[in-house]
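Worksheet: one structure, shown below.
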Amino acid sequence: MVKQQIIDFFDTYPERTFKKGDIIIFANMNVSSVFYLVKGSVIQYDISPSGERSILNTFKPGAFFPMSNAVNQIDTPYFFEADEGVIVRVAPSGDAVDFIKSHPDVLFDLLSRTYRGTDGLLLRLSELMHGDAASRILRELYILASRFGSESEDGRIILKKRISEVQLAERTGLARETVSRTIKRLKEDGTVKMLDGHLSINKQSKA
């Protein structure tokens, strides 16, 4: 029901498409709209003063962003980029905020998703502070699998979204060479396997 309410609201606004690699929102851009993701996935990232990219979040269909910008009326400090072919609906920020305020069930759903996202970010922070390369990579794969994965009959978690070693490096703060070596070791000990072209992860090895 909540999902249909959100769809019905955003369906009244224009549709836009983006190709993989297109920047949807630039950092520090004055954004006066909320984007509802109909198809594809979008990555949210930051660029350090030295030019290194750090991927902070990934949005799947059904998400809308940037809500912090809309609610707090501030410029977003992050980039939002199409990670594959993307279709969005674009509503004025004020209209989106008024819609959420007038629909408590939608507001509760958004709050629930926000807390799940915050928990994921805190787990990532904990791994950055205390984890080794393997635990940091496994944590990131599990976070992604919770959004873009499914469980196989043998209990393994299958990540349906393709992710490159470059992206894993950008998500974990590790060097690409370290990611490559660690993934190789995780494959050798059976923690990570390839299944029909997708990564699968042993649930018992959860970080």
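Labels for the structure tokens follow display order: chains A, B, ..., residues from 1 in each chain, ligands from 1.
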
Quiz item: Using only C-alpha atoms, which residues sit within 10 Å of Asn202 of chain A once same-chain residues fewer than 3 positions away are excluded, as a PyMOL selection string?
Solution: chain A and resi 138+154-158+190-193+205-206

Store the residues of this selection in a file with N, CA, C and O atoms, as a compact mmCIF listing (two decimals), in the first residue's frame.
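What landed in out_26.txt:
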# COMPACT_ATOMS: atom_id res chain seq x y z
N LEU A 138 33.79 -8.28 3.01
CA LEU A 138 32.61 -9.10 3.28
C LEU A 138 31.45 -8.26 3.79
O LEU A 138 30.30 -8.45 3.39
N ASP A 154 21.15 -23.63 -1.02
CA ASP A 154 22.16 -24.15 -0.09
C ASP A 154 22.54 -23.12 0.98
O ASP A 154 23.49 -23.31 1.74
N GLY A 155 21.77 -22.03 1.06
CA GLY A 155 21.99 -21.07 2.14
C GLY A 155 22.99 -19.98 1.85
O GLY A 155 23.25 -19.13 2.71
N ARG A 156 23.54 -19.97 0.65
CA ARG A 156 24.48 -18.90 0.30
C ARG A 156 23.69 -17.66 -0.15
O ARG A 156 22.56 -17.76 -0.62
N ILE A 157 24.29 -16.50 0.02
CA ILE A 157 23.67 -15.26 -0.42
C ILE A 157 24.25 -14.89 -1.78
O ILE A 157 25.47 -14.80 -1.95
N ILE A 158 23.36 -14.69 -2.75
CA ILE A 158 23.79 -14.38 -4.12
C ILE A 158 23.60 -12.89 -4.38
O ILE A 158 22.50 -12.36 -4.24
N GLY A 190 36.59 -20.70 -0.26
CA GLY A 190 35.18 -21.02 -0.44
C GLY A 190 34.21 -20.02 0.16
O GLY A 190 32.99 -20.21 0.07
N THR A 191 34.73 -18.96 0.78
CA THR A 191 33.83 -17.96 1.35
C THR A 191 33.04 -17.26 0.26
O THR A 191 31.84 -17.00 0.40
N VAL A 192 33.71 -16.97 -0.85
CA VAL A 192 33.08 -16.32 -1.99
C VAL A 192 33.20 -17.25 -3.19
O VAL A 192 34.26 -17.81 -3.44
N LYS A 193 32.12 -17.41 -3.95
CA LYS A 193 32.13 -18.23 -5.16
C LYS A 193 31.41 -17.48 -6.27
O LYS A 193 30.66 -16.53 -6.02
N SER A 205 30.14 -17.10 7.00
CA SER A 205 31.36 -16.29 7.05
C SER A 205 31.05 -14.81 7.21
O SER A 205 31.90 -13.97 7.04
N LYS A 206 29.80 -14.52 7.58
CA LYS A 206 29.38 -13.11 7.68
C LYS A 206 30.26 -12.34 8.63
O LYS A 206 30.56 -12.80 9.73

Taking 3 positions as the minimum chain separation for residues in the same chain, which residues sit within 8 Å of Phe26 of chain A when counting only C-alpha atoms? Answer as a PDB file with all heavy atoms, in the first residue's frame.
ATOM      1  N   ILE A  23      26.053  11.929 -14.417  1.00  0.00           N
ATOM      2  CA  ILE A  23      25.890  12.540 -13.108  1.00  0.00           C
ATOM      3  C   ILE A  23      24.483  13.117 -13.022  1.00  0.00           C
ATOM      4  O   ILE A  23      24.113  13.982 -13.810  1.00  0.00           O
ATOM      5  CB  ILE A  23      26.922  13.659 -12.863  1.00  0.00           C
ATOM      6  CG1 ILE A  23      28.353  13.143 -13.101  1.00  0.00           C
ATOM      7  CG2 ILE A  23      26.781  14.207 -11.446  1.00  0.00           C
ATOM      8  CD1 ILE A  23      28.772  12.048 -12.167  1.00  0.00           C
ATOM      9  N   MET A  29      25.459  21.277  -5.471  1.00  0.00           N
ATOM     10  CA  MET A  29      24.507  21.788  -6.449  1.00  0.00           C
ATOM     11  C   MET A  29      23.216  22.187  -5.732  1.00  0.00           C
ATOM     12  O   MET A  29      22.762  21.499  -4.811  1.00  0.00           O
ATOM     13  CB  MET A  29      24.222  20.680  -7.475  1.00  0.00           C
ATOM     14  CG  MET A  29      23.253  21.024  -8.560  1.00  0.00           C
ATOM     15  SD  MET A  29      23.119  19.579  -9.694  1.00  0.00           S
ATOM     16  CE  MET A  29      21.810  20.151 -10.787  1.00  0.00           C
ATOM     17  N   TYR A  78      27.231  15.725  -1.920  1.00  0.00           N
ATOM     18  CA  TYR A  78      27.600  14.490  -2.589  1.00  0.00           C
ATOM     19  C   TYR A  78      27.203  14.480  -4.064  1.00  0.00           C
ATOM     20  O   TYR A  78      26.336  15.227  -4.501  1.00  0.00           O
ATOM     21  CB  TYR A  78      26.937  13.298  -1.891  1.00  0.00           C
ATOM     22  CG  TYR A  78      27.192  13.261  -0.411  1.00  0.00           C
ATOM     23  CD1 TYR A  78      26.165  13.471   0.501  1.00  0.00           C
ATOM     24  CD2 TYR A  78      28.477  13.035   0.085  1.00  0.00           C
ATOM     25  CE1 TYR A  78      26.398  13.456   1.870  1.00  0.00           C
ATOM     26  CE2 TYR A  78      28.724  13.016   1.451  1.00  0.00           C
ATOM     27  CZ  TYR A  78      27.683  13.228   2.338  1.00  0.00           C
ATOM     28  OH  TYR A  78      27.922  13.223   3.685  1.00  0.00           O
ATOM     29  N   PHE A  79      27.843  13.575  -4.800  1.00  0.00           N
ATOM     30  CA  PHE A  79      27.492  13.304  -6.184  1.00  0.00           C
ATOM     31  C   PHE A  79      26.527  12.123  -6.221  1.00  0.00           C
ATOM     32  O   PHE A  79      26.649  11.188  -5.427  1.00  0.00           O
ATOM     33  CB  PHE A  79      28.734  12.940  -7.010  1.00  0.00           C
ATOM     34  CG  PHE A  79      29.715  14.065  -7.194  1.00  0.00           C
ATOM     35  CD1 PHE A  79      30.672  14.339  -6.229  1.00  0.00           C
ATOM     36  CD2 PHE A  79      29.685  14.846  -8.348  1.00  0.00           C
ATOM     37  CE1 PHE A  79      31.586  15.366  -6.398  1.00  0.00           C
ATOM     38  CE2 PHE A  79      30.598  15.886  -8.527  1.00  0.00           C
ATOM     39  CZ  PHE A  79      31.541  16.143  -7.543  1.00  0.00           C
ATOM     40  N   PHE A  80      25.597  12.144  -7.176  1.00  0.00           N
ATOM     41  CA  PHE A  80      24.701  11.020  -7.425  1.00  0.00           C
ATOM     42  C   PHE A  80      24.852  10.650  -8.901  1.00  0.00           C
ATOM     43  O   PHE A  80      24.645  11.493  -9.777  1.00  0.00           O
ATOM     44  CB  PHE A  80      23.254  11.398  -7.114  1.00  0.00           C
ATOM     45  CG  PHE A  80      22.982  11.641  -5.661  1.00  0.00           C
ATOM     46  CD1 PHE A  80      23.363  12.831  -5.061  1.00  0.00           C
ATOM     47  CD2 PHE A  80      22.365  10.675  -4.882  1.00  0.00           C
ATOM     48  CE1 PHE A  80      23.121  13.063  -3.710  1.00  0.00           C
ATOM     49  CE2 PHE A  80      22.117  10.891  -3.531  1.00  0.00           C
ATOM     50  CZ  PHE A  80      22.498  12.099  -2.945  1.00  0.00           C
TER      51      PHE A  80
END

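In this model, the gap between atom CA of Asp83 of chain A and atom CA of Phe35 of chain A comes to 14.9 Å.
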
Practice problem: Mind checking which residues fall within 12 Å of Leu199 of chain A, counting only C-alpha atoms, ignoring those fewer than 4 positions away in the same chain, and posting them as a ChimeraX atom specification? | Solution: /A:138,141-142,144-145,148-152,156-164,183,186-187,190-195

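Candidate residues A:Arg53, A:Ser33, A:Gly173, A:Asp46 were compared for distance to Asp95 of chain A, and the nearest is A:Ser33, using only C-alpha atoms.
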
Self-check item: Top pick for closest residue to Ile43 of chain A, considering A:Glu165, A:Glu140, A:Glu84, A:Glu15 and counting only C-alpha atoms
Solution: A:Glu84

Contact table segment 137-199 of chain A vs segment 115-125 of chain A, cut-off 9 Å, shortest pair per residue, only C-alpha atoms, as JSON lines:
{"residue": "A:Arg139", "atom": "CA", "partner": "A:Arg124", "partner_atom": "CA", "distance": 7.0}
{"residue": "A:Glu140", "atom": "CA", "partner": "A:Arg124", "partner_atom": "CA", "distance": 7.3}
{"residue": "A:Ile143", "atom": "CA", "partner": "A:Gly120", "partner_atom": "CA", "distance": 6.7}
{"residue": "A:Thr172", "atom": "CA", "partner": "A:Arg124", "partner_atom": "CA", "distance": 8.0}

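Distance check against Pro104 of chain A using only C-alpha atoms: of A:Thr58, A:Ser146, A:Gln5, A:Asn69, the minimum falls on A:Gln5.
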
Exercise. Check the DSSP output for the backbone and give back, as a ChimeraX atom specification, the residues of segment 2-204 of chain A in alpha helix (DSSP H).
Key: /A:2-10,67-72,93-101,104-130,133-148,165-172,176-188

Quiz item: Where in segment 8-120 of chain A does DSSP assign strand (DSSP E), given as a ChimeraX atom specification?
Solution: /A:15-18,23-25,33-39,42-47,53-59,64-65,79-82,86-92

Store the residues of this selection in a file with N, CA, C and O atoms, as a compact mmCIF listing (two decimals), in the first residue's frame.
# COMPACT_ATOMS: atom_id res chain seq x y z
N GLU A 15 9.21 12.34 -16.27
CA GLU A 15 10.18 11.25 -16.26
C GLU A 15 11.47 11.70 -16.95
O GLU A 15 11.43 12.42 -17.94
N ARG A 16 12.61 11.26 -16.40
CA ARG A 16 13.90 11.55 -17.02
C ARG A 16 14.72 10.26 -17.07
O ARG A 16 14.55 9.37 -16.23
N THR A 17 15.59 10.17 -18.05
CA THR A 17 16.45 9.00 -18.18
C THR A 17 17.92 9.42 -18.15
O THR A 17 18.27 10.53 -18.57
N PHE A 18 18.76 8.53 -17.64
CA PHE A 18 20.19 8.76 -17.57
C PHE A 18 20.93 7.49 -18.00
O PHE A 18 20.48 6.38 -17.69
N ILE A 23 26.05 11.93 -14.42
CA ILE A 23 25.89 12.54 -13.11
C ILE A 23 24.48 13.12 -13.02
O ILE A 23 24.11 13.98 -13.81
N ILE A 24 23.72 12.63 -12.07
CA ILE A 24 22.35 13.12 -11.88
C ILE A 24 22.34 14.38 -11.03
O ILE A 24 21.63 15.34 -11.31
N ILE A 25 23.15 14.37 -9.98
CA ILE A 25 23.29 15.53 -9.09
C ILE A 25 24.77 15.74 -8.81
O ILE A 25 25.49 14.79 -8.48
N SER A 33 14.66 19.59 -6.37
CA SER A 33 13.82 18.46 -6.76
C SER A 33 14.17 17.21 -5.97
O SER A 33 15.27 17.08 -5.42
N VAL A 34 13.22 16.29 -5.93
CA VAL A 34 13.43 14.95 -5.37
C VAL A 34 13.27 13.96 -6.51
O VAL A 34 12.32 14.04 -7.30
N PHE A 35 14.22 13.03 -6.62
CA PHE A 35 14.24 12.05 -7.70
C PHE A 35 13.75 10.71 -7.18
O PHE A 35 14.30 10.17 -6.21
N TYR A 36 12.72 10.17 -7.81
CA TYR A 36 12.20 8.84 -7.47
C TYR A 36 12.74 7.85 -8.48
O TYR A 36 12.55 8.00 -9.69
N LEU A 37 13.44 6.83 -7.99
CA LEU A 37 14.12 5.88 -8.87
C LEU A 37 13.14 4.79 -9.34
O LEU A 37 12.71 3.95 -8.55
N VAL A 38 12.82 4.83 -10.62
CA VAL A 38 11.90 3.86 -11.21
C VAL A 38 12.64 2.61 -11.68
O VAL A 38 12.19 1.48 -11.47
N LYS A 39 13.80 2.81 -12.29
CA LYS A 39 14.57 1.69 -12.86
C LYS A 39 16.05 1.97 -12.74
O LYS A 39 16.49 3.12 -12.87
N VAL A 42 21.54 3.85 -8.53
CA VAL A 42 22.26 5.13 -8.45
C VAL A 42 23.24 5.06 -7.29
O VAL A 42 22.88 4.60 -6.19
N ILE A 43 24.47 5.49 -7.51
CA ILE A 43 25.46 5.52 -6.43
C ILE A 43 25.64 6.96 -5.94
O ILE A 43 25.58 7.90 -6.72
N GLN A 44 25.82 7.07 -4.65
CA GLN A 44 26.09 8.35 -3.99
C GLN A 44 27.54 8.32 -3.53
O GLN A 44 27.95 7.37 -2.86
N TYR A 45 28.31 9.33 -3.90
CA TYR A 45 29.72 9.28 -3.54
C TYR A 45 30.29 10.65 -3.25
O TYR A 45 29.69 11.69 -3.55
N ASP A 46 31.47 10.63 -2.65
CA ASP A 46 32.21 11.83 -2.31
C ASP A 46 33.57 11.76 -3.01
O ASP A 46 34.05 10.66 -3.33
N ILE A 47 34.18 12.90 -3.26
CA ILE A 47 35.53 12.94 -3.84
C ILE A 47 36.44 13.68 -2.87
O ILE A 47 36.14 14.81 -2.46
N ARG A 53 37.67 8.75 -5.13
CA ARG A 53 36.22 8.62 -4.98
C ARG A 53 35.88 7.59 -3.92
O ARG A 53 36.45 6.50 -3.89
N SER A 54 34.93 7.94 -3.05
CA SER A 54 34.45 7.01 -2.02
C SER A 54 32.95 6.84 -2.19
O SER A 54 32.19 7.81 -2.06
N ILE A 55 32.52 5.62 -2.51
CA ILE A 55 31.10 5.33 -2.67
C ILE A 55 30.47 5.15 -1.30
O ILE A 55 30.92 4.33 -0.50
N LEU A 56 29.43 5.92 -1.02
CA LEU A 56 28.82 5.95 0.30
C LEU A 56 27.50 5.19 0.37
O LEU A 56 27.13 4.66 1.42
N ASN A 57 26.78 5.14 -0.75
CA ASN A 57 25.46 4.52 -0.73
C ASN A 57 25.06 4.12 -2.14
O ASN A 57 25.58 4.67 -3.12
N THR A 58 24.16 3.16 -2.23
CA THR A 58 23.61 2.74 -3.52
C THR A 58 22.09 2.67 -3.40
O THR A 58 21.57 2.05 -2.47
N PHE A 59 21.40 3.30 -4.32
CA PHE A 59 19.94 3.32 -4.30
C PHE A 59 19.40 2.34 -5.33
O PHE A 59 19.91 2.25 -6.45
N PHE A 64 13.94 7.36 -3.12
CA PHE A 64 13.90 8.73 -3.61
C PHE A 64 14.96 9.55 -2.87
O PHE A 64 15.20 9.33 -1.69
N PHE A 65 15.56 10.46 -3.58
CA PHE A 65 16.72 11.20 -3.07
C PHE A 65 16.82 12.55 -3.77
O PHE A 65 16.18 12.75 -4.81
N PHE A 79 27.84 13.58 -4.80
CA PHE A 79 27.49 13.30 -6.18
C PHE A 79 26.53 12.12 -6.22
O PHE A 79 26.65 11.19 -5.43
N PHE A 80 25.60 12.14 -7.18
CA PHE A 80 24.70 11.02 -7.42
C PHE A 80 24.85 10.65 -8.90
O PHE A 80 24.65 11.49 -9.78
N GLU A 81 25.23 9.41 -9.16
CA GLU A 81 25.58 8.98 -10.52
C GLU A 81 24.81 7.72 -10.91
O GLU A 81 24.63 6.82 -10.08
N ALA A 82 24.37 7.65 -12.15
CA ALA A 82 23.70 6.45 -12.65
C ALA A 82 24.71 5.31 -12.74
O ALA A 82 25.73 5.42 -13.43
N VAL A 86 19.20 4.42 -16.06
CA VAL A 86 18.32 4.85 -14.98
C VAL A 86 17.10 5.60 -15.52
O VAL A 86 17.22 6.40 -16.46
N ILE A 87 15.94 5.34 -14.91
CA ILE A 87 14.73 6.12 -15.15
C ILE A 87 14.28 6.68 -13.81
O ILE A 87 14.19 5.94 -12.82
N VAL A 88 14.03 7.98 -13.76
CA VAL A 88 13.56 8.62 -12.54
C VAL A 88 12.34 9.48 -12.83
O VAL A 88 12.11 9.90 -13.97
N ARG A 89 11.55 9.72 -11.79
CA ARG A 89 10.52 10.73 -11.81
C ARG A 89 11.02 11.88 -10.95
O ARG A 89 11.64 11.66 -9.90
N VAL A 90 10.77 13.11 -11.37
CA VAL A 90 11.34 14.28 -10.70
C VAL A 90 10.22 15.19 -10.20
O VAL A 90 9.46 15.75 -10.99
N ALA A 91 10.14 15.33 -8.87
CA ALA A 91 9.11 16.16 -8.25
C ALA A 91 9.77 17.33 -7.52
O ALA A 91 10.88 17.19 -6.99
N PRO A 92 9.12 18.50 -7.47
CA PRO A 92 9.65 19.61 -6.68
C PRO A 92 9.82 19.20 -5.23
O PRO A 92 8.97 18.47 -4.67

Quiz item: So how many Å separate atom CA of Gly40 of chain A and atom CA of Val179 of chain A, to one decimal?
Solution: 25.5 Å

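Restricting the calculation to only C-alpha atoms, the smallest distance between Tyr13 of chain A and any of A:Leu168, A:Ala70, A:Ala96, A:Ala27 is found for A:Ala96.
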
Quiz item: What does the distance from atom CA of Ile6 of chain A to atom CA of Asp22 of chain A come to in Å, to one decimal?
Solution: 24.9 Å

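Using only C-alpha atoms, the nearest neighbour of Ala133 of chain A within the list A:Val31, A:Leu174, A:Val71, A:Leu111 is A:Leu174.
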